[in-house]
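Structure file work-v2.txt; described as compact mmCIF, C-alpha atoms and all ligand atoms.
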# COMPACT_ATOMS: atom_id res chain seq x y z
CA MET A 1 71.35 -21.19 -179.90
CA GLY A 2 72.14 -19.45 -176.62
CA LEU A 3 71.91 -19.85 -172.88
CA ILE A 4 71.67 -16.59 -170.95
CA ALA A 5 73.05 -17.34 -167.52
CA GLU A 6 71.92 -14.61 -165.14
CA LEU A 7 74.37 -15.50 -162.42
CA THR A 8 73.22 -12.90 -159.91
CA HIS A 9 71.03 -9.85 -159.56
CA ARG A 10 73.68 -8.18 -157.41
CA CYS A 11 75.32 -5.20 -159.09
CA PRO A 12 77.33 -2.26 -157.76
CA LEU A 13 75.54 0.03 -160.21
CA GLN A 14 72.01 1.38 -159.96
CA CYS A 15 70.93 2.09 -163.54
CA ALA A 16 67.37 3.34 -163.67
CA TYR A 17 66.93 1.66 -167.10
CA CYS A 18 67.88 -1.79 -165.81
CA SER A 19 65.62 -4.47 -167.25
CA ASN A 20 66.02 -6.74 -164.21
CA PRO A 21 62.74 -7.41 -162.39
CA LEU A 22 61.67 -5.07 -159.58
CA ALA A 23 61.73 -8.05 -157.20
CA LEU A 24 65.41 -8.98 -157.45
CA ASP A 25 66.63 -12.43 -156.42
CA ASP A 26 68.46 -12.49 -153.11
CA ARG A 27 72.04 -13.76 -152.95
CA LYS A 28 71.00 -16.68 -150.75
CA ALA A 29 68.63 -17.92 -153.47
CA GLU A 30 71.32 -18.04 -156.18
CA LEU A 31 72.28 -21.31 -157.85
CA THR A 32 75.49 -22.79 -156.50
CA THR A 33 78.64 -23.34 -158.54
CA ASP A 34 77.88 -27.05 -158.83
CA GLU A 35 74.34 -26.36 -160.00
CA TRP A 36 75.59 -23.99 -162.69
CA ARG A 37 78.24 -26.52 -163.78
CA ARG A 38 75.50 -29.11 -164.23
CA VAL A 39 73.32 -26.66 -166.19
CA LEU A 40 76.24 -25.79 -168.48
CA GLY A 41 76.79 -29.49 -169.12
CA GLU A 42 73.10 -29.94 -169.95
CA ALA A 43 73.29 -26.93 -172.27
CA ALA A 44 76.22 -28.38 -174.20
CA ALA A 45 74.47 -31.77 -174.41
CA LEU A 46 71.36 -30.05 -175.76
CA GLY A 47 73.42 -28.55 -178.59
CA ILE A 48 73.46 -24.98 -177.30
CA LEU A 49 76.31 -23.04 -178.91
CA GLN A 50 76.83 -19.95 -176.77
CA VAL A 51 76.61 -19.02 -173.13
CA HIS A 52 76.17 -15.39 -172.15
CA PHE A 53 77.11 -14.78 -168.51
CA SER A 54 74.92 -11.92 -167.41
CA GLY A 55 73.20 -10.44 -164.37
CA GLY A 56 73.11 -8.09 -162.53
CA GLU A 57 76.87 -7.98 -162.61
CA PRO A 58 78.20 -11.48 -163.39
CA MET A 59 81.63 -10.53 -162.08
CA ALA A 60 80.11 -10.18 -158.61
CA ARG A 61 80.18 -14.01 -158.54
CA ARG A 62 83.55 -15.21 -157.24
CA ASP A 63 83.17 -18.44 -159.21
CA LEU A 64 82.77 -16.75 -162.60
CA VAL A 65 86.23 -17.81 -163.76
CA GLU A 66 85.50 -21.43 -162.85
CA MET A 67 82.25 -21.30 -164.81
CA VAL A 68 83.89 -19.78 -167.87
CA ALA A 69 86.56 -22.48 -167.75
CA HIS A 70 83.92 -25.19 -167.46
CA ALA A 71 81.81 -23.78 -170.31
CA SER A 72 84.90 -23.42 -172.45
CA SER A 73 85.95 -27.03 -171.79
CA LEU A 74 82.50 -28.10 -172.99
CA GLY A 75 83.04 -26.31 -176.30
CA LEU A 76 80.59 -23.48 -175.59
CA TYR A 77 81.34 -19.98 -176.94
CA THR A 78 81.63 -17.81 -173.82
CA ASN A 79 80.56 -14.17 -173.53
CA ILE A 80 80.40 -11.94 -170.45
CA ILE A 81 77.98 -9.01 -170.35
CA THR A 82 79.46 -6.70 -167.75
CA SER A 83 79.58 -3.15 -166.42
CA GLY A 84 83.36 -3.63 -166.27
CA VAL A 85 83.87 -1.99 -162.87
CA LEU A 86 85.22 -5.24 -161.39
CA LEU A 87 87.43 -6.16 -164.37
CA THR A 88 90.86 -5.67 -162.78
CA ASP A 89 94.17 -6.83 -164.31
CA GLU A 90 93.98 -9.99 -162.21
CA ALA A 91 90.40 -10.74 -163.21
CA MET A 92 91.22 -10.21 -166.89
CA ALA A 93 94.21 -12.55 -166.72
CA ALA A 94 92.15 -15.23 -164.97
CA LEU A 95 89.32 -14.98 -167.50
CA LEU A 96 91.76 -15.22 -170.38
CA ALA A 97 93.35 -18.31 -168.89
CA ALA A 98 89.84 -19.76 -168.46
CA GLY A 99 89.19 -19.35 -172.19
CA ILE A 100 86.79 -16.40 -172.39
CA ASP A 101 85.86 -15.63 -176.01
CA HIS A 102 84.16 -12.23 -175.85
CA ILE A 103 83.27 -9.41 -173.46
CA GLN A 104 80.45 -6.91 -173.87
CA LEU A 105 81.08 -3.78 -171.85
CA SER A 106 78.27 -1.39 -170.99
CA PHE A 107 78.58 2.40 -170.65
CA GLN A 108 75.98 4.75 -169.16
CA ASP A 109 77.11 7.82 -171.13
CA ALA A 110 80.03 9.18 -173.15
CA ALA A 111 81.87 10.63 -170.15
CA ALA A 112 81.89 11.15 -166.39
CA PRO A 113 80.29 12.80 -164.47
CA ALA A 114 77.03 12.19 -166.39
CA ALA A 115 77.76 8.44 -166.62
CA ASP A 116 78.59 8.16 -162.91
CA ARG A 117 75.57 10.20 -161.91
CA PHE A 118 73.29 7.89 -163.87
CA SER A 119 74.82 4.65 -162.59
CA GLY A 120 75.10 5.92 -159.00
CA TYR A 121 78.71 4.67 -158.93
CA ARG A 122 81.34 7.36 -158.48
CA GLY A 123 84.49 6.60 -160.48
CA GLY A 124 82.70 3.87 -162.45
CA HIS A 125 83.25 5.43 -165.88
CA ALA A 126 87.03 5.61 -165.35
CA LYS A 127 87.03 1.93 -164.34
CA LYS A 128 85.15 1.07 -167.51
CA LEU A 129 87.76 2.86 -169.63
CA ASP A 130 90.45 0.76 -167.90
CA ALA A 131 88.39 -2.38 -168.49
CA ALA A 132 88.08 -1.59 -172.20
CA ARG A 133 91.83 -1.12 -172.47
CA ARG A 134 92.43 -4.47 -170.73
CA ILE A 135 90.01 -6.28 -173.05
CA CYS A 136 91.66 -4.87 -176.17
CA GLU A 137 95.20 -5.46 -174.89
CA ALA A 138 94.21 -9.07 -174.24
CA GLY A 139 93.31 -9.36 -177.91
CA LEU A 140 89.64 -10.05 -177.22
CA PRO A 141 86.92 -8.56 -179.40
CA LEU A 142 85.22 -5.69 -177.55
CA THR A 143 81.58 -4.75 -177.90
CA ALA A 144 80.82 -1.36 -176.33
CA ASN A 145 77.19 -1.03 -175.39
CA PHE A 146 75.45 2.32 -174.82
CA VAL A 147 71.84 2.52 -173.67
CA VAL A 148 70.14 5.63 -175.02
CA HIS A 149 67.26 7.56 -173.44
CA LYS A 150 65.85 11.02 -172.98
CA GLN A 151 68.63 12.09 -170.63
CA ASN A 152 71.59 11.24 -172.88
CA ALA A 153 70.28 11.10 -176.48
CA GLU A 154 72.04 14.35 -177.42
CA ARG A 155 75.42 12.72 -176.75
CA VAL A 156 75.11 9.68 -179.01
CA GLY A 157 77.79 11.09 -181.33
CA GLU A 158 80.25 11.26 -178.42
CA MET A 159 79.30 7.70 -177.42
CA ILE A 160 80.18 6.37 -180.87
CA ALA A 161 83.42 8.38 -180.82
CA LEU A 162 84.28 6.81 -177.46
CA GLY A 163 83.65 3.30 -178.74
CA GLU A 164 85.85 4.05 -181.74
CA ALA A 165 88.66 5.48 -179.58
CA LEU A 166 88.54 2.43 -177.31
CA GLY A 167 89.08 0.06 -180.24
CA ALA A 168 85.67 -1.63 -180.14
CA GLU A 169 84.91 -4.02 -183.00
CA ARG A 170 81.22 -3.56 -182.40
CA ILE A 171 79.29 -0.64 -180.94
CA GLU A 172 75.75 -1.20 -179.77
CA ILE A 173 73.50 1.85 -179.57
CA ALA A 174 70.41 0.52 -177.88
CA HIS A 175 67.38 2.60 -177.03
CA THR A 176 66.07 1.61 -173.61
CA GLN A 177 63.79 -1.41 -173.60
CA TYR A 178 60.97 -0.73 -171.17
CA TYR A 179 60.93 -3.70 -168.81
CA GLY A 180 61.59 -3.92 -165.08
CA TRP A 181 63.13 -0.74 -163.70
CA ALA A 182 63.03 0.95 -167.10
CA LEU A 183 59.25 0.54 -167.25
CA LEU A 184 58.99 2.02 -163.76
CA ASN A 185 61.07 5.02 -164.92
CA ARG A 186 59.56 5.26 -168.40
CA ASN A 187 58.32 8.85 -168.21
CA ALA A 188 61.79 10.08 -167.30
CA LEU A 189 63.53 8.01 -169.98
CA LEU A 190 61.38 7.84 -173.11
CA PRO A 191 62.92 10.18 -175.73
CA THR A 192 60.95 12.66 -177.79
CA PHE A 193 60.47 12.10 -181.51
CA ALA A 194 63.00 14.89 -182.21
CA GLN A 195 65.57 13.08 -180.04
CA LEU A 196 64.87 9.82 -181.84
CA GLU A 197 65.42 11.51 -185.21
CA HIS A 198 68.68 12.96 -183.94
CA VAL A 199 69.92 9.51 -182.84
CA ASN A 200 68.76 7.95 -186.12
CA GLY A 201 70.74 10.55 -188.09
CA VAL A 202 73.93 10.22 -186.05
CA VAL A 203 73.84 6.40 -186.25
CA ALA A 204 73.21 6.43 -190.01
CA ALA A 205 76.13 8.81 -190.62
CA ALA A 206 78.45 6.80 -188.35
CA ARG A 207 77.51 3.55 -190.05
CA GLN A 208 78.50 5.06 -193.39
CA ARG A 209 81.74 6.49 -192.06
CA LEU A 210 82.80 3.34 -190.17
CA ASN A 211 81.59 0.85 -192.78
CA GLY A 212 83.94 -2.13 -192.93
CA ARG A 213 85.79 -1.10 -189.75
CA ILE A 214 83.27 -1.12 -186.89
CA THR A 215 79.85 -2.72 -186.83
CA ILE A 216 77.16 -0.53 -185.28
CA ASP A 217 74.13 -2.38 -183.96
CA TYR A 218 71.15 -0.11 -183.48
CA VAL A 219 68.17 -1.06 -181.33
CA VAL A 220 65.25 1.31 -181.94
CA PRO A 221 62.56 2.09 -179.35
CA ASP A 222 59.35 0.11 -179.72
CA TYR A 223 57.31 3.16 -178.78
CA TYR A 224 57.89 4.81 -182.16
CA ALA A 225 57.81 1.60 -184.19
CA ALA A 226 55.19 0.48 -186.70
CA ARG A 227 56.23 -3.16 -186.36
CA PRO A 228 57.37 -4.99 -183.23
CA LYS A 229 60.74 -6.60 -182.73
CA ALA A 230 61.10 -10.37 -182.87
CA CYS A 231 61.54 -10.59 -179.11
CA MET A 232 64.31 -13.14 -178.31
CA GLY A 233 64.04 -14.33 -181.92
CA GLY A 234 60.64 -15.81 -181.05
CA TRP A 235 59.35 -17.35 -177.81
CA GLY A 236 61.16 -20.60 -177.04
CA ASN A 237 62.86 -20.41 -180.41
CA ARG A 238 66.52 -19.56 -179.84
CA PHE A 239 67.29 -18.78 -176.20
CA ILE A 240 66.91 -20.10 -172.68
CA ASN A 241 67.29 -17.54 -169.90
CA ILE A 242 68.12 -18.84 -166.43
CA SER A 243 67.40 -16.48 -163.54
CA PRO A 244 69.85 -16.31 -160.58
CA SER A 245 67.61 -18.63 -158.55
CA GLY A 246 67.35 -21.13 -161.41
CA LYS A 247 64.03 -20.35 -163.09
CA ALA A 248 64.11 -21.16 -166.82
CA LEU A 249 62.52 -18.31 -168.77
CA PRO A 250 61.94 -17.80 -172.51
CA CYS A 251 63.02 -14.17 -171.92
CA HIS A 252 64.44 -12.35 -168.92
CA ALA A 253 61.22 -10.37 -168.31
CA ALA A 254 58.89 -13.38 -168.54
CA GLU A 255 58.51 -13.68 -164.78
CA THR A 256 56.03 -10.78 -165.01
CA LEU A 257 53.57 -12.99 -166.91
CA PRO A 258 50.72 -14.36 -164.75
CA GLY A 259 49.48 -17.93 -164.99
CA PHE A 260 52.89 -19.50 -165.57
CA GLN A 261 54.79 -21.99 -163.45
CA PHE A 262 58.29 -21.45 -164.73
CA PRO A 263 60.30 -24.64 -164.17
CA THR A 264 63.53 -24.44 -162.26
CA VAL A 265 66.74 -26.13 -163.31
CA ARG A 266 66.97 -27.35 -159.71
CA ASP A 267 64.09 -29.76 -160.45
CA VAL A 268 63.96 -30.30 -164.21
CA SER A 269 66.60 -30.86 -166.89
CA LEU A 270 67.17 -28.23 -169.58
CA ALA A 271 66.17 -30.73 -172.26
CA GLU A 272 62.78 -31.38 -170.60
CA ILE A 273 62.26 -27.66 -170.10
CA TRP A 274 63.02 -26.90 -173.74
CA VAL A 275 60.99 -29.71 -175.26
CA ASP A 276 58.11 -30.40 -172.88
CA SER A 277 57.40 -27.46 -170.58
CA ASP A 278 54.26 -25.38 -170.92
CA ALA A 279 56.40 -22.32 -170.16
CA PHE A 280 58.42 -22.73 -173.37
CA SER A 281 55.61 -24.12 -175.53
CA ARG A 282 52.73 -21.79 -174.79
CA PHE A 283 53.77 -18.94 -177.11
CA ARG A 284 56.11 -20.92 -179.37
CA GLY A 285 55.43 -20.86 -183.11
CA VAL A 286 52.25 -19.38 -184.59
CA ASP A 287 49.34 -21.50 -183.32
CA TRP A 288 48.81 -19.40 -180.16
CA MET A 289 48.53 -16.14 -182.11
CA PRO A 290 45.44 -13.93 -182.34
CA GLU A 291 43.77 -14.02 -185.76
CA LEU A 292 45.32 -10.67 -186.69
CA CYS A 293 48.83 -12.14 -186.52
CA ARG A 294 47.94 -15.58 -187.87
CA ALA A 295 46.69 -13.97 -191.08
CA CYS A 296 49.77 -11.75 -191.39
CA ASP A 297 52.75 -12.45 -193.65
CA ARG A 298 55.16 -11.21 -190.97
CA LYS A 299 54.12 -13.81 -188.41
CA GLU A 300 57.31 -15.84 -188.81
CA ILE A 301 59.46 -12.69 -188.93
CA ASP A 302 58.47 -10.94 -185.70
CA TRP A 303 56.51 -13.82 -184.07
CA GLY A 304 53.80 -11.38 -182.96
CA GLY A 305 56.29 -9.28 -180.98
CA CYS A 306 56.89 -9.27 -177.26
CA ARG A 307 54.57 -11.09 -174.83
CA CYS A 308 55.79 -9.10 -171.82
CA GLN A 309 55.11 -5.82 -173.59
CA ALA A 310 51.65 -7.05 -174.63
CA LEU A 311 50.94 -7.78 -170.97
CA ALA A 312 52.47 -4.58 -169.61
CA LEU A 313 50.59 -2.29 -172.00
CA ALA A 314 47.50 -4.17 -173.20
CA GLY A 315 47.01 -6.30 -170.09
CA ASP A 316 46.98 -9.52 -172.14
CA ALA A 317 50.15 -11.55 -172.77
CA ALA A 318 48.44 -13.32 -175.71
CA ALA A 319 47.58 -10.08 -177.54
CA THR A 320 49.38 -8.66 -180.58
CA ASP A 321 52.26 -6.51 -179.34
CA PRO A 322 50.97 -2.90 -179.12
CA ALA A 323 54.16 -1.84 -180.94
CA CYS A 324 52.49 -3.16 -184.11
CA ALA A 325 50.54 -0.49 -186.01
CA HIS A 326 47.86 -3.14 -186.78
CA SER A 327 47.25 -3.77 -183.08
CA PRO A 328 44.01 -2.36 -181.63
CA ASP A 329 46.18 -1.28 -178.67
CA HIS A 330 48.74 0.63 -180.74
CA HIS A 331 47.39 3.97 -179.47
CA LEU A 332 48.83 3.04 -176.04
CA MET A 333 52.33 3.63 -177.44
CA GLY A 334 51.39 7.13 -178.50
CA ALA A 335 49.76 7.78 -175.13
CA ALA A 336 52.99 6.74 -173.35
CA VAL A 337 55.01 9.09 -175.56
CA THR A 338 52.62 11.95 -174.78
CA ALA A 339 52.77 11.21 -171.03
CA ALA A 340 56.58 11.22 -171.10
CA ASP A 341 56.86 14.49 -173.01
CA GLY A 342 57.88 17.17 -170.52
CA ALA A 343 57.54 14.78 -167.55
CA PRO A 344 59.91 15.25 -164.56
CA LEU A 345 63.34 13.67 -164.99
CA ASP A 346 63.44 12.13 -161.50
CA LEU A 347 64.53 8.49 -161.56
CA VAL A 348 64.03 5.57 -159.19
CA PRO A 349 67.51 3.98 -158.97
CA ARG A 350 67.63 0.21 -159.27
CA ARG A 351 68.44 -1.30 -155.89
CA LEU A 352 68.68 -4.79 -154.46
CA ARG A 353 65.40 -4.63 -152.64
CA THR A 354 61.81 -5.38 -153.47
CA LEU A 355 59.49 -2.51 -154.31
CA SER A 356 55.91 -2.85 -153.20
CA ALA A 357 54.50 -0.75 -156.06
S1 LIG B 401 71.75 -2.20 -166.27
FE1 LIG B 401 73.11 -1.22 -164.71
S2 LIG B 401 72.19 -1.84 -162.71
FE2 LIG B 401 71.33 -3.23 -164.28
S3 LIG B 401 72.68 -5.00 -164.24
FE3 LIG B 401 73.44 -3.61 -165.86
S4 LIG B 401 75.01 -2.35 -164.86
FE4 LIG B 401 73.81 -3.31 -163.21
S1 LIG B 402 49.99 -8.26 -187.09
FE1 LIG B 402 51.22 -9.60 -185.76
S2 LIG B 402 52.57 -10.74 -187.16
FE2 LIG B 402 51.73 -8.97 -188.33
S3 LIG B 402 53.26 -7.34 -188.09
FE3 LIG B 402 51.77 -7.05 -186.42
S4 LIG B 402 52.61 -8.19 -184.69
FE4 LIG B 402 53.70 -8.90 -186.53

How would this structure read if it were set down as C-alpha cells?
Amino acid sequence: MGLIAELTHRCPLQCAYCSNPLALDDRKAELTTDEWRRVLGEAAALGILQVHFSGGEPMARRDLVEMVAHASSLGLYTNIITSGVLLTDEAMAALLAAGIDHIQLSFQDAAAPAADRFSGYRGGHAKKLDAARRICEAGLPLTANFVVHKQNAERVGEMIALGEALGAERIEIAHTQYYGWALLNRNALLPTFAQLEHVNGVVAAARQRLNGRITIDYVVPDYYAARPKACMGGWGNRFINISPSGKALPCHAAETLPGFQFPTVRDVSLAEIWVDSDAFSRFRGVDWMPELCRACDRKEIDWGGCRCQALALAGDAAATDPACAHSPDHHLMGAAVTAADGAPLDLVPRRLRTLSA
C-alpha cells in the first residue's frame, strides 16, 4: 500500500522521542535524486499507492520538490511528514505546483516555550504555526500530529484546541512509541497510569465534541496495553520503508534486529525485495509465530505485535510481543512503568551523531 521514503536523517530539531535509529545515516550515504526517482518508478510499477516522504526532516533535501513532482506524475498519492520549520511561502508554492496531496505537521507541545525547549529549536513552534496556516490557505488537508509523553500529557486538551484552531482535518494524538531515541529516553518519557487516564478522558470527550468535523486518531502506549498493535499492519504486509542510505526495511526500526541482511535498493529492485527477500519474508504471515500466537484467534489481527519491541524487551525478535498480556514476558512492561515512575526527567537530545551506548 505505501512506500515510506526516509529521505534523510538530517533534522534541525532534536526531539528526545525521535524513533530514528541511534546510529543516524550520514548525508554522504544518502540516496541520490536519480536513485530515488528510480525507486519511485519501481514503487508505482509494483502497484504501491502512496508515498510518504519522511525523515529526519524531508524538507532538508533540496530535491524534495522534484521527487514530489516525479511521484505525482507516476500517479502516486504524495504525503510529506514534516516538522514544518522549513515550510516557507516559496517552499509551499513549489510543493503545490509539484502536486503534493497531503502534509502531516508535527508539534512538540501546545505552545512555546515548552515546545521549543523540547525540540531544541528556538522559534520552531512559531514557524510551525505559520506552516499550518500556509497548508490550510493552499487548500491542502492538514493533519496535526502531537506526540504525548510524561512531560506534556497534562496539556493534551490544549493540543487538541490548537489543532482545531489551525483548521486541521485530522488530529493525531500519539503516545510515544519506544524505539530509537525514545527507547533511550524511556524513563523520562513514559507517562504514569494517571496521566494515561487523563489523556484517554480528554481524547474521548474531544472525539464526541468534534464528531463529524475533525477526526482524532489516538495511538495508545504499548506499555499499558493488554494486546499489541498490528505493527506496520503486519510484517511485509502493507509497507516498505526505505532508509536514507537505501536499505529496504519492513519497518523503520527493523535495523535493530540482528541476523538480517537488509537489501538495498542500490542493488536489488523493489519487486525482488518485496517478493523474494528473506528480510520481508521471515516474519510475514503466521507460519513464523510461536505456538502461543499460532493458536490465537487474533493472529491475523495484530500479527503477533512488533518484532523490534520483542527484541528490545524480551531479547528475541521471534517472541510474542511483550505488550500482549498472554506473553510470558508481559511483566517487563510493568517493570518499565515502575522504573519510569519518579525517574529523573533529563533527556538525551537526538543529534546527528552515533552514540556508543
Ligand atoms: S521526531 Fe523530531 S528530531 Fe525526529 S525527525 Fe521528527 S522533528 Fe526531527
Ligand atoms: S497471543 Fe499473539 S496473536 Fe494472540 S493477542 Fe497475543 S500477540 Fe496477538

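Of the residues under consideration (A:Glu35, A:Asp302, A:Asp329, A:Glu66), A:Glu66 shows the shortest atom-to-atom contact distance to Ala91 (chain A) when counting all atoms listed in the file.
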
*Please identify every polymer residue within 12 Å of ligand LIG 402 (chain B), using all atoms listed in the file, and present the set as JSON, numbers by chain.*
{"A": [222, 225, 226, 227, 228, 229, 230, 231, 234, 285, 286, 287, 288, 289, 290, 291, 292, 293, 294, 295, 296, 297, 298, 299, 300, 301, 302, 303, 304, 305, 306, 307, 309, 310, 318, 319, 320, 321, 322, 323, 324, 325, 326, 327, 328, 329, 330]}

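Near ligand LIG 401 (chain B), at a distance of at most 6 Å and with only C-alpha atoms and all ligand atoms counted, sit the residues Cys11, Leu13, Gln14, Cys15, Cys18, Gly55, Gly56, Glu57 and Ser83 of chain A.
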
*asked:* Set the distance at 12 Å and use all atoms listed in the file: which residues neighbour Thr143 (chain A) once local chain neighbours fewer than 6 positions away are removed? I'd like the list as a PyMOL selection string.
replied: chain A and resi 79-84+101-107+131-132+135-136+160+162-164+166-173+214-217

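The residue that comes closest to Ala94 (chain A), out of A:Arg282, A:Arg62, A:Arg10, A:His149 and on the basis of all atoms listed in the file, is A:Arg62.
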
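All residues of protein, DNA or RNA that reach within 12 Å of Glu158 (chain A), judged by only C-alpha atoms and not counting those fewer than 5 positions away in the chain, are Phe107, Asp109, Ala110, Ala111, Phe146, Asn152, Ala153, Gly163, Glu164, Ala165, Ile173, Val199, Val202, Val203 and Ala206 of chain A.
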
*asked:* Could you list, as a PyMOL selection string, every residue within 6 Å of Ile4 (chain A), counting all atoms listed in the file and ignoring same-chain residues fewer than 5 positions away?
replied: chain A and resi 51-52+241

For region 290-310 of chain A, which lacks atoms in the input, supply N, CA and C atoms and format the output as a CSV table (one decimal), in the coordinates of the input.
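What follows is the written file rebuild35.csv:
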chain,number,residue,atom,x,y,z
A,290,PRO,N,46.8,-14.5,-182.0
A,290,PRO,CA,45.4,-13.9,-182.3
A,290,PRO,C,45.3,-13.9,-183.9
A,291,GLU,N,44.0,-13.9,-184.3
A,291,GLU,CA,43.8,-14.0,-185.8
A,291,GLU,C,44.5,-13.0,-186.6
A,292,LEU,N,44.6,-11.8,-186.0
A,292,LEU,CA,45.3,-10.7,-186.7
A,292,LEU,C,46.7,-11.1,-187.1
A,293,CYS,N,47.5,-11.7,-186.2
A,293,CYS,CA,48.8,-12.1,-186.5
A,293,CYS,C,48.8,-13.4,-187.4
A,294,ARG,N,47.9,-14.3,-187.1
A,294,ARG,CA,47.9,-15.6,-187.9
A,294,ARG,C,47.7,-15.3,-189.4
A,295,ALA,N,47.0,-14.3,-189.7
A,295,ALA,CA,46.7,-14.0,-191.1
A,295,ALA,C,47.8,-13.1,-191.7
A,296,CYS,N,48.8,-12.8,-191.0
A,296,CYS,CA,49.8,-11.8,-191.4
A,296,CYS,C,51.0,-12.4,-192.0
A,297,ASP,N,51.6,-11.8,-193.0
A,297,ASP,CA,52.8,-12.4,-193.6
A,297,ASP,C,54.1,-12.2,-192.9
A,298,ARG,N,54.0,-11.4,-191.8
A,298,ARG,CA,55.2,-11.2,-191.0
A,298,ARG,C,55.2,-12.1,-189.7
A,299,LYS,N,54.3,-13.0,-189.7
A,299,LYS,CA,54.1,-13.8,-188.4
A,299,LYS,C,55.4,-14.6,-188.1
A,300,GLU,N,56.1,-15.1,-189.1
A,300,GLU,CA,57.3,-15.8,-188.8
A,300,GLU,C,58.6,-15.0,-188.9
A,301,ILE,N,58.3,-13.7,-189.0
A,301,ILE,CA,59.5,-12.7,-188.9
A,301,ILE,C,59.5,-12.1,-187.5
A,302,ASP,N,58.4,-11.6,-187.0
A,302,ASP,CA,58.5,-10.9,-185.7
A,302,ASP,C,57.8,-11.8,-184.6
A,303,TRP,N,57.2,-12.9,-185.0
A,303,TRP,CA,56.5,-13.8,-184.1
A,303,TRP,C,55.5,-13.1,-183.2
A,304,GLY,N,54.8,-12.1,-183.7
A,304,GLY,CA,53.8,-11.4,-183.0
A,304,GLY,C,54.4,-10.4,-181.9
A,305,GLY,N,55.7,-10.2,-181.9
A,305,GLY,CA,56.3,-9.3,-181.0
A,305,GLY,C,56.5,-9.8,-179.6
A,306,CYS,N,56.5,-8.9,-178.6
A,306,CYS,CA,56.9,-9.3,-177.3
A,306,CYS,C,55.7,-9.6,-176.4
A,307,ARG,N,55.7,-10.7,-175.7
A,307,ARG,CA,54.6,-11.1,-174.8
A,307,ARG,C,54.6,-10.2,-173.6
A,308,CYS,N,55.7,-9.9,-173.1
A,308,CYS,CA,55.8,-9.1,-171.8
A,308,CYS,C,55.3,-7.7,-172.1
A,309,GLN,N,55.6,-7.2,-173.3
A,309,GLN,CA,55.1,-5.8,-173.6
A,309,GLN,C,53.6,-5.8,-173.8
A,310,ALA,N,53.1,-6.9,-174.4
A,310,ALA,CA,51.6,-7.0,-174.6
A,310,ALA,C,50.9,-7.1,-173.3
